[in-house]
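Chemist: What follows is coords-v6.pdb, PDB, C-alpha atoms.
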```pdb
ATOM      1  CA  MET A 170       2.649  17.082 -10.393  1.00  0.00           C
ATOM      2  CA  ASN A 171       3.433  13.517 -11.494  1.00  0.00           C
ATOM      3  CA  THR A 172       5.990  13.229 -14.281  1.00  0.00           C
ATOM      4  CA  LEU A 173       6.427   9.448 -14.325  1.00  0.00           C
ATOM      5  CA  LYS A 174       5.361   8.110 -17.702  1.00  0.00           C
ATOM      6  CA  ILE A 175       2.741   5.388 -17.771  1.00  0.00           C
ATOM      7  CA  ALA A 176       5.167   3.128 -19.655  1.00  0.00           C
ATOM      8  CA  ASP A 177       7.683   3.548 -16.827  1.00  0.00           C
ATOM      9  CA  GLU A 178       5.002   2.689 -14.277  1.00  0.00           C
ATOM     10  CA  VAL A 179       4.211  -0.517 -16.210  1.00  0.00           C
ATOM     11  CA  TRP A 180       7.914  -1.402 -16.324  1.00  0.00           C
ATOM     12  CA  ILE A 181       8.295  -0.842 -12.568  1.00  0.00           C
ATOM     13  CA  ALA A 182       5.219  -2.959 -11.768  1.00  0.00           C
ATOM     14  CA  THR A 183       6.490  -5.774 -14.008  1.00  0.00           C
ATOM     15  CA  ALA A 184       9.995  -5.588 -12.520  1.00  0.00           C
ATOM     16  CA  LEU A 185       8.504  -5.772  -9.024  1.00  0.00           C
ATOM     17  CA  LEU A 186       6.598  -8.919  -9.996  1.00  0.00           C
ATOM     18  CA  HIS A 187       9.781 -10.505 -11.379  1.00  0.00           C
ATOM     19  CA  ARG A 188      11.652  -9.691  -8.162  1.00  0.00           C
ATOM     20  CA  GLU A 189       8.833 -10.970  -5.949  1.00  0.00           C
ATOM     21  CA  HIS A 190       8.322 -14.157  -7.981  1.00  0.00           C
ATOM     22  CA  PRO A 191      11.741 -15.170  -9.363  1.00  0.00           C
ATOM     23  CA  ASP A 192      10.388 -18.632 -10.145  1.00  0.00           C
ATOM     24  CA  ARG A 193       7.924 -17.214 -12.679  1.00  0.00           C
ATOM     25  CA  GLY A 194       8.899 -16.453 -16.251  1.00  0.00           C
ATOM     26  CA  ASP A 195       5.965 -14.208 -17.079  1.00  0.00           C
ATOM     27  CA  PHE A 196       2.826 -12.597 -15.715  1.00  0.00           C
ATOM     28  CA  THR A 197      -0.660 -11.929 -16.968  1.00  0.00           C
ATOM     29  CA  VAL A 198      -1.484  -8.401 -17.985  1.00  0.00           C
ATOM     30  CA  LYS A 199      -4.092  -8.449 -15.227  1.00  0.00           C
ATOM     31  CA  GLU A 200      -1.350  -9.227 -12.680  1.00  0.00           C
ATOM     32  CA  ILE A 201       0.775  -6.348 -13.976  1.00  0.00           C
ATOM     33  CA  ILE A 202      -2.148  -3.942 -13.738  1.00  0.00           C
ATOM     34  CA  GLY A 203      -2.982  -5.261 -10.272  1.00  0.00           C
ATOM     35  CA  ARG A 204       0.614  -4.799  -9.111  1.00  0.00           C
ATOM     36  CA  ALA A 205       0.642  -1.212 -10.377  1.00  0.00           C
ATOM     37  CA  LYS A 206      -2.653  -0.577  -8.581  1.00  0.00           C
ATOM     38  CA  THR A 207      -1.401  -2.098  -5.314  1.00  0.00           C
ATOM     39  CA  GLU A 208       1.937  -0.280  -5.463  1.00  0.00           C
ATOM     40  CA  LYS A 209       0.300   3.124  -6.045  1.00  0.00           C
ATOM     41  CA  ILE A 210       3.476   4.333  -7.735  1.00  0.00           C
ATOM     42  CA  THR A 211       1.794   7.568  -8.816  1.00  0.00           C
ATOM     43  CA  GLY A 212      -1.093   7.556  -6.365  1.00  0.00           C
ATOM     44  CA  GLU A 213      -4.152   6.122  -8.060  1.00  0.00           C
ATOM     45  CA  LEU A 214      -3.949   3.702 -10.976  1.00  0.00           C
ATOM     46  CA  ARG A 215      -4.020   5.690 -14.204  1.00  0.00           C
ATOM     47  CA  PRO A 216      -6.349   4.550 -17.017  1.00  0.00           C
ATOM     48  CA  GLY A 217      -3.539   4.014 -19.556  1.00  0.00           C
ATOM     49  CA  VAL A 218      -1.691   1.356 -17.540  1.00  0.00           C
ATOM     50  CA  GLY A 219      -3.720  -1.483 -19.050  1.00  0.00           C
ATOM     51  CA  MET A 220      -3.296  -0.348 -22.647  1.00  0.00           C
ATOM     52  CA  HIS A 221       0.446   0.093 -22.127  1.00  0.00           C
ATOM     53  CA  ALA A 222       0.767  -3.412 -20.684  1.00  0.00           C
ATOM     54  CA  TYR A 223      -1.335  -4.914 -23.491  1.00  0.00           C
ATOM     55  CA  LYS A 224       0.129  -3.046 -26.472  1.00  0.00           C
ATOM     56  CA  HIS A 225       2.177   0.139 -26.136  1.00  0.00           C
ATOM     57  CA  CYS A 226       5.145  -1.348 -24.251  1.00  0.00           C
ATOM     58  CA  VAL A 227       5.290  -4.733 -26.005  1.00  0.00           C
ATOM     59  CA  ALA A 228       8.328  -5.203 -28.248  1.00  0.00           C
ATOM     60  CA  ASN A 229       7.003  -8.056 -30.356  1.00  0.00           C
ATOM     61  CA  LEU A 230       3.640  -6.481 -31.219  1.00  0.00           C
ATOM     62  CA  PRO A 231       2.981  -3.869 -33.922  1.00  0.00           C
ATOM     63  CA  PRO A 232       3.431  -0.348 -32.535  1.00  0.00           C
ATOM     64  CA  TYR A 233       0.388   1.856 -32.173  1.00  0.00           C
ATOM     65  CA  SER A 234       1.175   5.270 -30.746  1.00  0.00           C
ATOM     66  CA  ALA A 235       4.383   4.234 -28.972  1.00  0.00           C
ATOM     67  CA  GLN A 236       7.454   2.220 -29.946  1.00  0.00           C
ATOM     68  CA  TYR A 237       8.581   1.093 -26.492  1.00  0.00           C
ATOM     69  CA  ARG A 238      10.354  -2.249 -26.042  1.00  0.00           C
ATOM     70  CA  MET A 239       9.839  -2.605 -22.307  1.00  0.00           C
ATOM     71  CA  LEU A 240       7.820  -5.837 -22.267  1.00  0.00           C
ATOM     72  CA  TYR A 241       7.786  -9.031 -24.286  1.00  0.00           C
ATOM     73  CA  ALA A 242       4.584 -10.947 -25.065  1.00  0.00           C
ATOM     74  CA  THR A 243       5.049 -14.607 -24.168  1.00  0.00           C
ATOM     75  CA  GLY A 244       1.394 -15.283 -24.950  1.00  0.00           C
ATOM     76  CA  HIS A 245      -1.802 -13.426 -25.790  1.00  0.00           C
ATOM     77  CA  ASN A 246      -2.239 -12.098 -22.236  1.00  0.00           C
ATOM     78  CA  THR A 247       1.157 -12.800 -20.665  1.00  0.00           C
ATOM     79  CA  ARG A 248       4.188 -10.546 -20.478  1.00  0.00           C
ATOM     80  CA  ARG A 249       7.700 -10.400 -19.095  1.00  0.00           C
ATOM     81  CA  LEU A 250      10.373  -7.728 -19.181  1.00  0.00           C
ATOM     82  CA  TYR A 251      12.108  -7.352 -22.529  1.00  0.00           C
ATOM     83  CA  ARG A 252      15.694  -8.536 -22.937  1.00  0.00           C
ATOM     84  CA  GLU A 253      18.118  -7.351 -25.595  1.00  0.00           C
ATOM     85  CA  GLY A 254      18.022  -9.961 -28.345  1.00  0.00           C
ATOM     86  CA  ASP A 255      14.325 -10.738 -27.977  1.00  0.00           C
ATOM     87  CA  GLU A 256      12.289 -10.736 -31.159  1.00  0.00           C
ATOM     88  CA  THR A 257      11.184  -7.179 -31.855  1.00  0.00           C
ATOM     89  CA  TYR A 258       8.557  -5.929 -34.256  1.00  0.00           C
ATOM     90  CA  PRO A 259      10.481  -4.094 -37.028  1.00  0.00           C
ATOM     91  CA  ASN A 260       9.088  -0.603 -36.323  1.00  0.00           C
ATOM     92  CA  ARG A 261       9.819  -0.710 -32.599  1.00  0.00           C
ATOM     93  CA  LYS A 262      12.949   1.234 -31.734  1.00  0.00           C
ATOM     94  CA  GLY A 263      11.905   2.802 -28.414  1.00  0.00           C
ATOM     95  CA  LYS A 264      13.374   2.583 -24.962  1.00  0.00           C
ATOM     96  CA  ILE A 265      13.759  -0.664 -23.038  1.00  0.00           C
ATOM     97  CA  THR A 266      13.895   0.700 -19.489  1.00  0.00           C
ATOM     98  CA  PRO A 267      12.861   3.952 -17.866  1.00  0.00           C
ATOM     99  CA  GLU A 268      15.414   6.763 -17.817  1.00  0.00           C
ATOM    100  CA  THR A 269      17.283   6.660 -14.494  1.00  0.00           C
ATOM    101  CA  GLN A 270      16.310  10.201 -13.522  1.00  0.00           C
ATOM    102  CA  ALA A 271      12.620   9.473 -14.189  1.00  0.00           C
ATOM    103  CA  VAL A 272      12.433   6.610 -11.690  1.00  0.00           C
ATOM    104  CA  PRO A 273      11.506   7.484  -8.097  1.00  0.00           C
ATOM    105  CA  ALA A 274      14.380   6.880  -5.674  1.00  0.00           C
ATOM    106  CA  ARG A 275      12.622   3.980  -3.955  1.00  0.00           C
ATOM    107  CA  TYR A 276      12.642   2.014  -7.263  1.00  0.00           C
ATOM    108  CA  GLN A 277      16.185   2.798  -8.442  1.00  0.00           C
ATOM    109  CA  TYR A 278      17.374  -0.626  -7.317  1.00  0.00           C
ATOM    110  CA  LEU A 279      15.152  -2.183  -9.989  1.00  0.00           C
ATOM    111  CA  LEU A 280      17.218  -0.610 -12.758  1.00  0.00           C
ATOM    112  CA  ASP A 281      20.425  -2.020 -11.232  1.00  0.00           C
ATOM    113  CA  TRP A 282      18.810  -5.443 -10.805  1.00  0.00           C
ATOM    114  CA  TYR A 283      17.589  -5.383 -14.410  1.00  0.00           C
ATOM    115  CA  ARG A 284      20.985  -4.451 -15.890  1.00  0.00           C
ATOM    116  CA  ASN A 285      23.104  -6.680 -13.653  1.00  0.00           C
ATOM    117  CA  GLU A 286      20.900  -9.746 -13.286  1.00  0.00           C
ATOM    118  CA  TYR A 287      17.751  -9.955 -15.367  1.00  0.00           C
ATOM    119  CA  ALA A 288      18.916  -8.582 -18.711  1.00  0.00           C
ATOM    120  CA  SER A 289      22.010 -10.781 -18.671  1.00  0.00           C
ATOM    121  CA  LEU A 290      20.011 -14.008 -18.377  1.00  0.00           C
ATOM    122  CA  LYS A 291      19.925 -15.891 -21.641  1.00  0.00           C
ATOM    123  CA  GLN A 292      16.840 -17.969 -22.266  1.00  0.00           C
ATOM    124  CA  ASP A 293      18.244 -19.833 -25.258  1.00  0.00           C
ATOM    125  CA  THR A 294      21.864 -19.464 -26.308  1.00  0.00           C
ATOM    126  CA  ARG A 295      21.807 -21.974 -29.183  1.00  0.00           C
ATOM    127  CA  LEU A 296      21.486 -19.254 -31.821  1.00  0.00           C
ATOM    128  CA  ARG A 297      23.436 -16.520 -30.035  1.00  0.00           C
ATOM    129  CA  GLY A 298      26.512 -16.897 -32.255  1.00  0.00           C
ATOM    130  CA  ILE A 299      24.451 -16.526 -35.397  1.00  0.00           C
ATOM    131  CA  PHE A 300      22.858 -13.321 -34.117  1.00  0.00           C
ATOM    132  CA  GLU A 301      26.269 -11.966 -33.134  1.00  0.00           C
ATOM    133  CA  MET A 302      27.461 -12.487 -36.734  1.00  0.00           C
ATOM    134  CA  ILE A 303      24.745 -10.274 -38.222  1.00  0.00           C
ATOM    135  CA  GLY A 304      26.492  -7.603 -40.241  1.00  0.00           C
ATOM    136  CA  ALA A 305      29.949  -9.198 -39.931  1.00  0.00           C
ATOM    137  CA  GLY A 306      32.033  -8.607 -43.046  1.00  0.00           C
ATOM    138  CA  LYS A 307      29.685  -6.076 -44.587  1.00  0.00           C
ATOM    139  CA  GLU A 308      32.581  -3.640 -45.038  1.00  0.00           C
ATOM    140  CA  ASP A 309      34.528  -6.290 -46.970  1.00  0.00           C
ATOM    141  CA  PHE A 310      31.705  -6.761 -49.445  1.00  0.00           C
ATOM    142  CA  ALA A 311      30.493  -3.171 -49.751  1.00  0.00           C
ATOM    143  CA  GLY A 312      29.948  -2.367 -53.425  1.00  0.00           C
ATOM    144  CA  VAL A 313      30.521  -5.983 -54.538  1.00  0.00           C
ATOM    145  CA  ASP A 314      27.924  -7.537 -56.805  1.00  0.00           C
ATOM    146  CA  PRO A 315      27.091 -10.915 -55.229  1.00  0.00           C
ATOM    147  CA  ASP A 316      26.411 -12.643 -58.552  1.00  0.00           C
ATOM    148  CA  GLU A 317      29.716 -11.464 -60.009  1.00  0.00           C
ATOM    149  CA  TYR A 318      31.538 -12.532 -56.845  1.00  0.00           C
ATOM    150  CA  VAL A 319      30.104 -16.067 -57.051  1.00  0.00           C
ATOM    151  CA  ARG A 320      30.893 -16.244 -60.805  1.00  0.00           C
ATOM    152  CA  ARG A 321      34.549 -15.402 -60.081  1.00  0.00           C
ATOM    153  CA  LEU A 322      34.699 -18.040 -57.341  1.00  0.00           C
ATOM    154  CA  ARG A 323      33.352 -20.668 -59.727  1.00  0.00           C
ATOM    155  CA  GLU A 324      35.744 -19.912 -62.580  1.00  0.00           C
ATOM    156  CA  GLY A 325      37.576 -23.074 -63.545  1.00  0.00           C
ATOM    157  CA  TRP A 326      34.978 -25.400 -62.046  1.00  0.00           C
ATOM    158  CA  GLU A 327      33.851 -28.155 -64.317  1.00  0.00           C
TER     159      GLU A 327
END
```
Produce C-alpha coordinates that represent the structure in this file.
Modeler:
Amino acid sequence: MNTLKIADEVWIATALLHREHPDRGDFTVKEIIGRAKTEKITGELRPGVGMHAYKHCVANLPPYSAQYRMLYATGHNTRRLYREGDETYPNRKGKITPETQAVPARYQYLLDWYRNEYASLKQDTRLRGIFEMIGAGKEDFAGVDPDEYVRRLREGWE
(Lines of atoms letter the chains of each structure in order from A and count residues from 1; the text may use other names and numbers.)
(Lines give C-alpha, C1' and ligand atoms only; values in the text may rest on other atoms or scores of the structure.)
Protein backbone atom coordinates (compact mmCIF):
# COMPACT_ATOMS: atom_id res chain seq x y z
CA MET A 1 0.00 0.00 0.00
CA ASN A 2 1.25 3.49 -0.90
CA THR A 3 1.74 5.82 2.05
CA LEU A 4 3.39 8.74 0.26
CA LYS A 5 1.20 11.81 0.59
CA ILE A 6 0.16 13.58 -2.58
CA ALA A 7 1.75 16.80 -1.28
CA ASP A 8 5.06 14.95 -0.89
CA GLU A 9 4.76 13.62 -4.44
CA VAL A 10 4.23 17.19 -5.72
CA TRP A 11 7.27 18.37 -3.75
CA ILE A 12 9.44 15.56 -5.16
CA ALA A 13 8.32 16.26 -8.74
CA THR A 14 9.04 19.98 -8.31
CA ALA A 15 12.44 19.30 -6.72
CA LEU A 16 13.32 16.99 -9.61
CA LEU A 17 12.47 19.76 -12.09
CA HIS A 18 14.66 22.23 -10.18
CA ARG A 19 17.56 19.76 -10.20
CA GLU A 20 17.12 18.94 -13.89
CA HIS A 21 16.75 22.59 -14.93
CA PRO A 22 18.92 24.67 -12.56
CA ASP A 23 18.70 27.61 -14.94
CA ARG A 24 14.94 27.89 -14.43
CA GLY A 25 13.42 29.75 -11.51
CA ASP A 26 9.96 28.25 -11.73
CA PHE A 27 7.77 25.78 -13.58
CA THR A 28 4.22 25.66 -14.81
CA VAL A 29 1.78 23.57 -12.86
CA LYS A 30 1.36 21.51 -16.01
CA GLU A 31 5.11 20.77 -16.00
CA ILE A 32 4.97 19.70 -12.35
CA ILE A 33 2.04 17.39 -13.03
CA GLY A 34 3.80 16.03 -16.11
CA ARG A 35 6.98 15.36 -14.13
CA ALA A 36 5.02 13.49 -11.46
CA LYS A 37 3.31 11.45 -14.18
CA THR A 38 6.61 10.63 -15.92
CA GLU A 39 8.39 9.76 -12.67
CA LYS A 40 5.62 7.38 -11.54
CA ILE A 41 6.64 7.96 -7.93
CA THR A 42 3.62 6.02 -6.66
CA GLY A 43 2.81 4.09 -9.81
CA GLU A 44 0.08 5.90 -11.71
CA LEU A 45 -0.52 9.63 -11.39
CA ARG A 46 -3.06 10.23 -8.65
CA PRO A 47 -5.97 12.63 -9.32
CA GLY A 48 -5.07 15.01 -6.47
CA VAL A 49 -1.61 15.93 -7.81
CA GLY A 50 -2.96 18.79 -9.91
CA MET A 51 -5.04 20.33 -7.12
CA HIS A 52 -2.09 20.11 -4.73
CA ALA A 53 0.20 21.85 -7.22
CA TYR A 54 -2.40 24.54 -7.95
CA LYS A 55 -3.62 25.25 -4.40
CA HIS A 56 -3.02 22.89 -1.49
CA CYS A 57 0.78 23.14 -1.38
CA VAL A 58 1.13 26.84 -2.24
CA ALA A 59 2.34 29.01 0.63
CA ASN A 60 1.20 32.36 -0.71
CA LEU A 61 -2.37 31.33 -1.56
CA PRO A 62 -5.30 31.05 0.88
CA PRO A 63 -5.45 27.55 2.40
CA TYR A 64 -8.32 25.30 1.46
CA SER A 65 -8.16 21.90 3.12
CA ALA A 66 -4.39 21.92 3.70
CA GLN A 67 -1.90 24.43 5.07
CA TYR A 68 1.26 23.17 3.37
CA ARG A 69 4.03 25.61 2.43
CA MET A 70 5.84 23.39 -0.05
CA LEU A 71 5.50 25.55 -3.17
CA TYR A 72 5.49 29.25 -3.91
CA ALA A 73 3.34 30.81 -6.64
CA THR A 74 5.49 33.04 -8.84
CA GLY A 75 2.54 33.61 -11.17
CA HIS A 76 -0.99 32.37 -11.77
CA ASN A 77 0.18 29.02 -13.18
CA THR A 78 3.85 28.94 -12.19
CA ARG A 79 5.43 27.49 -9.07
CA ARG A 80 8.79 26.91 -7.44
CA LEU A 81 9.80 25.28 -4.18
CA TYR A 82 9.12 27.38 -1.10
CA ARG A 83 12.01 28.96 0.78
CA GLU A 84 11.94 30.09 4.39
CA GLY A 85 11.28 33.82 4.32
CA ASP A 86 8.98 33.72 1.30
CA GLU A 87 5.69 35.54 1.65
CA THR A 88 3.20 33.18 3.27
CA TYR A 89 -0.55 33.48 3.52
CA PRO A 90 -1.29 34.14 7.23
CA ASN A 91 -3.20 30.89 7.90
CA ARG A 92 -0.55 28.64 6.36
CA LYS A 93 1.59 27.00 9.02
CA GLY A 94 2.09 23.54 7.48
CA LYS A 95 5.18 21.64 6.50
CA ILE A 96 7.69 22.88 3.95
CA THR A 97 9.27 19.57 2.94
CA PRO A 98 8.23 15.95 3.22
CA GLU A 99 9.18 14.11 6.41
CA THR A 100 12.46 12.26 5.83
CA GLN A 101 11.00 8.85 6.66
CA ALA A 102 8.12 9.39 4.21
CA VAL A 103 10.38 9.89 1.20
CA PRO A 104 11.36 6.79 -0.79
CA ALA A 105 15.08 6.02 -0.54
CA ARG A 106 15.74 6.87 -4.18
CA TYR A 107 14.63 10.50 -3.53
CA GLN A 108 16.36 11.10 -0.19
CA TYR A 109 19.10 13.09 -1.91
CA LEU A 110 16.51 15.73 -2.81
CA LEU A 111 15.97 16.59 0.84
CA ASP A 112 19.73 17.05 1.34
CA TRP A 113 19.97 19.15 -1.83
CA TYR A 114 17.03 21.29 -0.70
CA ARG A 115 18.44 21.96 2.79
CA ASN A 116 22.07 22.44 1.75
CA GLU A 117 21.71 24.24 -1.57
CA TYR A 118 18.26 25.37 -2.64
CA ALA A 119 16.79 26.65 0.63
CA SER A 120 19.93 28.65 1.39
CA LEU A 121 19.74 30.64 -1.85
CA LYS A 122 18.54 34.16 -1.25
CA GLN A 123 16.61 35.75 -4.07
CA ASP A 124 16.68 39.27 -2.63
CA THR A 125 18.69 40.11 0.46
CA ARG A 126 17.95 43.85 0.54
CA LEU A 127 15.28 43.48 3.22
CA ARG A 128 16.76 40.50 5.06
CA GLY A 129 17.98 42.60 8.00
CA ILE A 130 14.56 44.11 8.52
CA PHE A 131 12.92 40.68 8.60
CA GLU A 132 15.55 39.43 11.04
CA MET A 133 14.64 42.30 13.41
CA ILE A 134 10.99 41.28 13.65
CA GLY A 135 10.23 40.79 17.32
CA ALA A 136 13.57 42.21 18.51
CA GLY A 137 13.21 44.04 21.82
CA LYS A 138 9.68 42.85 22.51
CA GLU A 139 10.74 41.66 25.97
CA ASP A 140 12.09 45.14 26.77
CA PHE A 141 8.76 46.76 25.97
CA ALA A 142 6.40 44.11 27.34
CA GLY A 143 3.67 45.83 29.35
CA VAL A 144 4.77 49.34 28.30
CA ASP A 145 2.12 51.66 26.94
CA PRO A 146 3.57 53.08 23.70
CA ASP A 147 1.83 56.45 24.04
CA GLU A 148 3.09 56.91 27.59
CA TYR A 149 6.60 55.88 26.53
CA VAL A 150 6.66 58.49 23.74
CA ARG A 151 5.24 61.16 26.12
CA ARG A 152 8.10 60.50 28.57
CA LEU A 153 10.67 60.72 25.77
CA ARG A 154 9.27 64.08 24.69
CA GLU A 155 9.22 65.65 28.15
CA GLY A 156 11.19 68.87 28.08
CA TRP A 157 10.90 69.33 24.33
CA GLU A 158 9.78 72.74 23.25
Chemist: Out of A:Ala311, A:Leu173, A:Leu186, A:Leu240, which residue has the shortest atom-to-atom distance to Cys226 in chain A when counting only C-alpha atoms?
Modeler: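 Using only C-alpha atoms, the shortest distance to Cys226 in chain A belongs to A:Leu240.
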Chemist: Do you have the CA of Ala222 in chain A-CA of Thr197 in chain A distance handy?
Modeler: 9.4 Å
Chemist: Pick the closest to Ile181 in chain A from A:Arg284, A:Lys199, A:His245, A:Arg204: which is it, counting only C-alpha atoms?
Modeler: A:Arg204
Chemist: Between A:Val227, A:Val319, A:Ala182, A:Ala274, which one has atoms that come closest to Asp255 in chain A, using only C-alpha atoms?
Modeler: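 The answer is A:Val227, which sits nearest to Asp255 in chain A.
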Chemist: Evaluated on this file, the PyMOL selection byres ((chain A and resi 179) around 10) picks out some residues - which ones are they, written as a PyMOL selection string?
Modeler: chain A and resi 174-178+180-185+198+201-202+204-205+210+217-222+226+239-240+250+267
Chemist: For the point (5.8, 11.2, -9.8) in the file's frame, write as number ranges by chain all residues with an atom no more than 9 Å away, counting all atoms listed in the file.
Modeler: A: 170-174, 210-212, 271-273
Chemist: Atoms to include: C-alpha atoms. Write the selected residues as a tab-separated table (two decimals), in the coordinates of the input.
Modeler:
```tsv
chain	number	residue	atom	x	y	z
A	170	MET	CA	2.65	17.08	-10.39
A	171	ASN	CA	3.43	13.52	-11.49
A	172	THR	CA	5.99	13.23	-14.28
A	173	LEU	CA	6.43	9.45	-14.32
A	174	LYS	CA	5.36	8.11	-17.70
A	210	ILE	CA	3.48	4.33	-7.74
A	211	THR	CA	1.79	7.57	-8.82
A	212	GLY	CA	-1.09	7.56	-6.36
A	271	ALA	CA	12.62	9.47	-14.19
A	272	VAL	CA	12.43	6.61	-11.69
A	273	PRO	CA	11.51	7.48	-8.10
```
Chemist: Using all atoms listed in the file, can you tell me which of A:Arg321, A:Glu200, A:Glu208, A:Thr247 comes closest to Arg275 in chain A?
Modeler: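 Looking at the shortest contact to Arg275 in chain A, the residue is A:Glu208.
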